[in-house]
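Remarks on the structure that follows.
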Amino acid sequence: MLHTPQSHSSAARTDLPASHLSAASNTPHDGHTPAPAGHRPRTRATGRSLFVRRLIAFYKDQWRVLRTAVDWVIAVYFIVPLLIAAGIIYTSWWQDPPLWFSWIPLPLLSLVLFLWSLTFRLRTFLEPADQVFLLRNRSLINAIRRWGFGYSVTVAFLATALLYIVLSPLLVLGLGFEWPWIPVLALFTLAARLTVPIILQLLELRLRGIRKHASQSAVLIACGFLFISMFDLFARLQTFPLGLAQGIVPLGIALLAAWLIMRLRLQARGVFLYEISQERQARLRLTALLLSQAGVKKTKGVLEESRPLIWRRSQAITKKRDKVSLLMAAIVKSYIRSSDQWYFLIRFLTVSSYALILTSGWVTLIVYPGLLYLLYKGIYSYCEMATNSSYLQLFRWTDSERSKAVERAIFRISLPLALILLLVEIIA
Amino acid sequence: MEVLRAEIRQAGYTPDRAVIRDIRFSVAPGELVGVIGPNGAGKSTTIKAIMGLLGHVDGTIEFTGPQGNYAYIPEQPVLYERLTLLEHLELAAAAHELTMEEFQRTAETLIERFYLRHVIHHYPTSFSKGMQQKVMLIAGFMAKPDLYIIDEPFIGLDPHAMKDLLELLQEERKRGAGVIMSTHMIDTAEKICDSFLLIHEGTTAASGSLSDLRERSGLAGGSLLDCYTKLCVRS
């Protein structure tokens, strides 16, 4: 039985200097005269200064991670030509719109934009050590959170603006939107980006189990439908003389909704630990992405389910009780129960279905096997990670048992998905 | 007759730097050996060397029990995120090649013993640290091996679970299983261990029974802590 050490708990870290720590914890310095009773020593740390310090530390960390992971000689040879090529292609779109612009229907573009809007990540810049050093100073914590919210909105605004700069040739030349509509669409997308993920988060904070998943799915479907319908409405309003003025009304409502939802989220109670956990994930996002192949484990969220939704009573999924079958069953169960894998599969199936619908003839003969290969690779990497988990390493497994279990698990997981894609292709 | 014979001349993570040196000991059937030492002394490295996890070991490690196997119970619980408690145990049973009847009988008893019946269909990742440690203990004890290697077993366990663990260890020792236990809880170790391996700065500072350590430290009637302080800290 082998064991590989997993995670080492690290000591709580704070970015407060010693003077601030003592003030925050109300403990007098050695050799200093203690403050008289009733007099609270004032801390020099403000929400803004802590936020700025943490923001700088965050970007320094990201820079360090990138520098560790990327060979700069290769990066320069790769990124610079890539940027030049992207610039040339972008300019050529304006001069001579490519034919494929006409193949992209507005509902597909709005669906992609809606899915993109779900990637918004609210930052609070809270740290685990705040539980020890700042918890008693609620106003300081709230100040950091407010700055974090402001930062998140700014980043979302900039990301949306950049996206719309890239998309504007398609919107103007391909889909026929007038220029003044571009900021309207961008602001509407920004409003969705600030609203829908936050509503989902609020539901996550308030509900548990099936109720949570049902309500989140309902919100997702309703908001997605509304978003796509609004884009359709904006496209129609262009033909009206007062179209833009009429379009501003739903935009105003969407922005107001975004403001109210953000306010509600800022005022939410009992979210301190949840926000620390979310912030930790946000900070490690780039690191986790770069090191995912090295088996970096995702941090456990504070609102994780305690019981599975699928196979709630640990039902067996195979009648055989041999090592390979049980290992295969464990991989399949852990895959099917993982929300991350569901998100991956939903995204994959959506994009693949569109790819199959948009292609025809012999191109499909290349696209379909290509999609199956991508699916296989995606599932394979998860299975590999699962069979290399630390728990499994406590026991004796041969390489042959592991690889047989992985093969069977991949077959079981991918077969229904391959059939769905085949069905889509037949219907298309 | 022994279940483990370890003679580590030197071992380390890289060939050019030995972390532990001259560590020799054996574990007899039913014997409980306490591995004691300060932080960074080399206890975990010794355990890794025994389990064959160190790339560079100069020496011999022999599992000489009737089955030639061991179970390792780590200090930090290691668990799947998306498998229930029962599924974790099924997987462990499959790895130990237990029959269905053996698994049901052993797992049932251990689950009852550690009061985990009500959470068998829950994810252990949602448990407290102590409950997760109990899962590790059950997964290890199901195998009924010749030797147990237990790293800091008492951390996170409530008093009741600690008592259950000690009783379980006692039962397993009666069966003939040997135990190597790394711990910082010197008082508990003094009460339950048959012999000790004091590791200091990567090498054996002293080994043997409490009376051997008393004799070596010149502290007749001294406690294990006294002997440890004399032999390790003051050296």
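Ligands are numbered from 1 in the order shown, residues from 1 within each chain, and chains are lettered A, B, ... in the order they appear in the structure tokens.
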List every residue of chain A that has an atom at most 6 Å from any atom of chain B, giving for each one its closest atom pair and the distance in Å to one decimal, counting only C-alpha atoms, sorted by chain and then by ascending residue number, as a Markdown table.
```
| residue | atom | partner | partner_atom | distance |
| --- | --- | --- | --- | --- |
| A:Ser306 | CA | B:Ser126 | CA | 5.3 |
| A:Arg307 | CA | B:His122 | CA | 4.4 |
| A:Arg313 | CA | B:His121 | CA | 5.4 |
| A:Ser314 | CA | B:His121 | CA | 5.8 |
| A:Lys323 | CA | B:Ala94 | CA | 4.9 |
| A:Ser334 | CA | B:Arg82 | CA | 4.6 |
| A:Ser390 | CA | B:Val78 | CA | 5.8 |
| A:Tyr391 | CA | B:Val78 | CA | 5.1 |
| A:Phe395 | CA | B:Ala95 | CA | 5.9 |
```
Selection: 10 Å around Ile198 of chain A, only C-alpha atoms, excl. self and same-chain fewer than 6 positions, as a VMD selection string: chain A and resid 118 120 to 122 192 204 258 261 to 262 264 to 265
Two-atom distance - atom CA of Gly178 of chain B, atom CA of Pro29 of chain B (Å):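 Separation between atom CA of Gly178 of chain B and atom CA of Pro29 of chain B: 4.9 Å.
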If we count only C-alpha atoms, what is near Cys193 of chain B at a cut-off of 8 Å, once residues fewer than 3 positions away on the same chain are taken out, given as a ChimeraX atom specification? /B:31-34,189-190,196
Restricted to C-alpha atoms, what would the selected residues look like written as a PDB file, in the first residue's frame?
```pdb
ATOM      1  CA  GLU B  31       4.141  -5.563  19.444  1.00  0.00           C
ATOM      2  CA  LEU B  32       3.348  -1.840  19.391  1.00  0.00           C
ATOM      3  CA  VAL B  33       6.361   0.307  18.575  1.00  0.00           C
ATOM      4  CA  GLY B  34       6.052   4.038  19.190  1.00  0.00           C
ATOM      5  CA  ALA B 189       2.475   6.380  23.959  1.00  0.00           C
ATOM      6  CA  GLU B 190       4.040   5.564  27.339  1.00  0.00           C
ATOM      7  CA  PHE B 196       9.989   2.949  21.431  1.00  0.00           C
TER       8      PHE B 196
END
```
Contacts of Ile331 of chain A at 12 Å (only C-alpha atoms; same-chain gap of 4+ positions) as an MDAnalysis selection string: (chainID A and resid 317 324:327 335:338 379:389 392 402:413) or (chainID B and resid 80:83 87:88 91)
Residues of the last selection are to be written out with N, CA and C atoms, as a tab-separated table (two decimals), in the first residue's frame.
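Saved as selection.tsv:
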```tsv
chain	number	residue	atom	x	y	z
A	317	ILE	N	-23.47	-0.14	-9.21
A	317	ILE	CA	-23.80	0.03	-10.63
A	317	ILE	C	-23.26	-1.14	-11.46
A	324	VAL	N	-11.37	-4.67	-10.53
A	324	VAL	CA	-11.50	-3.78	-11.69
A	324	VAL	C	-12.92	-3.20	-11.76
A	325	SER	N	-13.92	-4.04	-11.55
A	325	SER	CA	-15.31	-3.57	-11.65
A	325	SER	C	-15.61	-2.51	-10.59
A	326	LEU	N	-15.12	-2.76	-9.37
A	326	LEU	CA	-15.41	-1.79	-8.31
A	326	LEU	C	-14.65	-0.49	-8.52
A	327	LEU	N	-13.44	-0.59	-9.06
A	327	LEU	CA	-12.69	0.63	-9.35
A	327	LEU	C	-13.37	1.40	-10.48
A	335	TYR	N	-17.40	10.62	-11.38
A	335	TYR	CA	-17.52	11.49	-12.56
A	335	TYR	C	-18.95	12.04	-12.67
A	336	ILE	N	-19.91	11.13	-12.59
A	336	ILE	CA	-21.31	11.54	-12.79
A	336	ILE	C	-21.76	12.50	-11.69
A	337	ARG	N	-21.18	12.35	-10.49
A	337	ARG	CA	-21.61	13.21	-9.38
A	337	ARG	C	-20.88	14.56	-9.37
A	338	SER	N	-19.90	14.72	-10.22
A	338	SER	CA	-19.12	15.96	-10.18
A	338	SER	C	-19.80	17.06	-10.98
A	379	ILE	N	-12.68	12.87	-20.90
A	379	ILE	CA	-13.05	11.89	-19.88
A	379	ILE	C	-11.81	11.12	-19.41
A	380	TYR	N	-10.92	10.85	-20.35
A	380	TYR	CA	-9.70	10.10	-20.01
A	380	TYR	C	-8.87	10.84	-18.95
A	381	SER	N	-8.74	12.17	-19.14
A	381	SER	CA	-7.90	12.91	-18.19
A	381	SER	C	-8.51	12.87	-16.78
A	382	TYR	N	-9.85	12.91	-16.70
A	382	TYR	CA	-10.49	12.82	-15.38
A	382	TYR	C	-10.22	11.44	-14.77
A	383	CYS	N	-10.40	10.38	-15.60
A	383	CYS	CA	-10.22	9.01	-15.09
A	383	CYS	C	-8.79	8.78	-14.61
A	384	GLU	N	-7.84	9.33	-15.35
A	384	GLU	CA	-6.44	9.20	-14.96
A	384	GLU	C	-6.21	9.84	-13.59
A	385	MET	N	-6.80	11.04	-13.43
A	385	MET	CA	-6.64	11.76	-12.17
A	385	MET	C	-7.28	10.95	-11.03
A	386	ALA	N	-8.45	10.37	-11.33
A	386	ALA	CA	-9.17	9.60	-10.30
A	386	ALA	C	-8.37	8.37	-9.87
A	387	THR	N	-7.72	7.70	-10.83
A	387	THR	CA	-6.98	6.49	-10.46
A	387	THR	C	-5.63	6.81	-9.82
A	388	ASN	N	-5.22	8.07	-9.90
A	388	ASN	CA	-3.99	8.46	-9.22
A	388	ASN	C	-4.26	9.17	-7.90
A	389	SER	N	-5.53	9.11	-7.45
A	389	SER	CA	-5.87	9.84	-6.23
A	389	SER	C	-5.15	9.24	-5.02
A	392	LEU	N	-6.64	6.07	-3.36
A	392	LEU	CA	-6.38	4.83	-4.09
A	392	LEU	C	-4.95	4.35	-3.83
A	402	ARG	N	-5.73	-0.81	-13.06
A	402	ARG	CA	-6.09	0.60	-13.24
A	402	ARG	C	-6.51	0.89	-14.67
A	403	SER	N	-5.68	0.43	-15.63
A	403	SER	CA	-5.98	0.79	-17.03
A	403	SER	C	-7.26	0.10	-17.51
A	404	LYS	N	-7.51	-1.13	-17.05
A	404	LYS	CA	-8.77	-1.81	-17.43
A	404	LYS	C	-9.96	-1.04	-16.87
A	405	ALA	N	-9.85	-0.62	-15.61
A	405	ALA	CA	-10.95	0.13	-14.99
A	405	ALA	C	-11.19	1.44	-15.72
A	406	VAL	N	-10.10	2.12	-16.10
A	406	VAL	CA	-10.23	3.40	-16.83
A	406	VAL	C	-10.92	3.17	-18.17
A	407	GLU	N	-10.48	2.14	-18.90
A	407	GLU	CA	-11.09	1.85	-20.22
A	407	GLU	C	-12.59	1.63	-20.08
A	408	ARG	N	-12.97	0.80	-19.10
A	408	ARG	CA	-14.40	0.49	-18.93
A	408	ARG	C	-15.19	1.73	-18.51
A	409	ALA	N	-14.56	2.53	-17.64
A	409	ALA	CA	-15.25	3.75	-17.18
A	409	ALA	C	-15.46	4.71	-18.35
A	410	ILE	N	-14.45	4.88	-19.18
A	410	ILE	CA	-14.57	5.78	-20.33
A	410	ILE	C	-15.70	5.30	-21.24
A	411	PHE	N	-15.76	4.00	-21.46
A	411	PHE	CA	-16.80	3.45	-22.34
A	411	PHE	C	-18.18	3.76	-21.76
A	412	ARG	N	-18.35	3.49	-20.48
A	412	ARG	CA	-19.66	3.70	-19.85
A	412	ARG	C	-20.09	5.17	-19.86
A	413	ILE	N	-19.13	6.06	-19.65
A	413	ILE	CA	-19.48	7.49	-19.58
A	413	ILE	C	-19.73	8.04	-20.98
B	80	TYR	N	-11.88	10.58	-1.67
B	80	TYR	CA	-12.48	11.02	-2.93
B	80	TYR	C	-13.55	12.07	-2.63
B	81	GLU	N	-13.64	13.05	-3.50
B	81	GLU	CA	-14.65	14.09	-3.27
B	81	GLU	C	-16.06	13.58	-3.50
B	82	ARG	N	-16.23	12.68	-4.46
B	82	ARG	CA	-17.57	12.31	-4.89
B	82	ARG	C	-17.88	10.84	-4.71
B	83	LEU	N	-17.36	10.24	-3.64
B	83	LEU	CA	-17.77	8.88	-3.29
B	83	LEU	C	-18.28	8.89	-1.85
B	87	GLU	N	-19.03	3.61	-0.33
B	87	GLU	CA	-18.30	3.37	-1.58
B	87	GLU	C	-16.78	3.40	-1.36
B	88	HIS	N	-16.33	4.27	-0.45
B	88	HIS	CA	-14.89	4.27	-0.11
B	88	HIS	C	-14.50	2.92	0.48
B	91	LEU	N	-14.40	0.11	-2.05
B	91	LEU	CA	-13.19	0.21	-2.87
B	91	LEU	C	-11.98	-0.35	-2.10
```
Enter the distance from atom CA of Gly59 of chain B to atom CA of Ala18 of chain B, in Å, rounded to one decimal. 12.3 Å
Identify, on the basis of only C-alpha atoms, every residue whose closest approach to segment 100-111 of chain A does not exceed 7 Å; exclude the query and any residue fewer than 6 positions from it along the same chain; express the result as a PyMOL selection string. chain A and resi 170+174+228+231
If you run DSSP on the backbone, which residues of segment 83-293 of chain A are helix (DSSP H, G or I), as a PyMOL selection string? chain A and resi 83-95+99-103+106-117+130-133+138-174+181-206+209-237+243-267+272-283+285-293
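Taking atom CA of Pro180 of chain A and atom CA of Val166 of chain A as endpoints, the distance between them is 15.9 Å.
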Ranking A:Asp71, A:Glu305, A:Asp96, A:Asp61 by minimum distance to Arg283 of chain A and counting only C-alpha atoms, which one comes first? A:Asp61
Counting only C-alpha atoms, which residue out of A:Leu187, A:Ala57, A:Thr195, A:Ala316 sits closest to Leu260 of chain A? A:Thr195
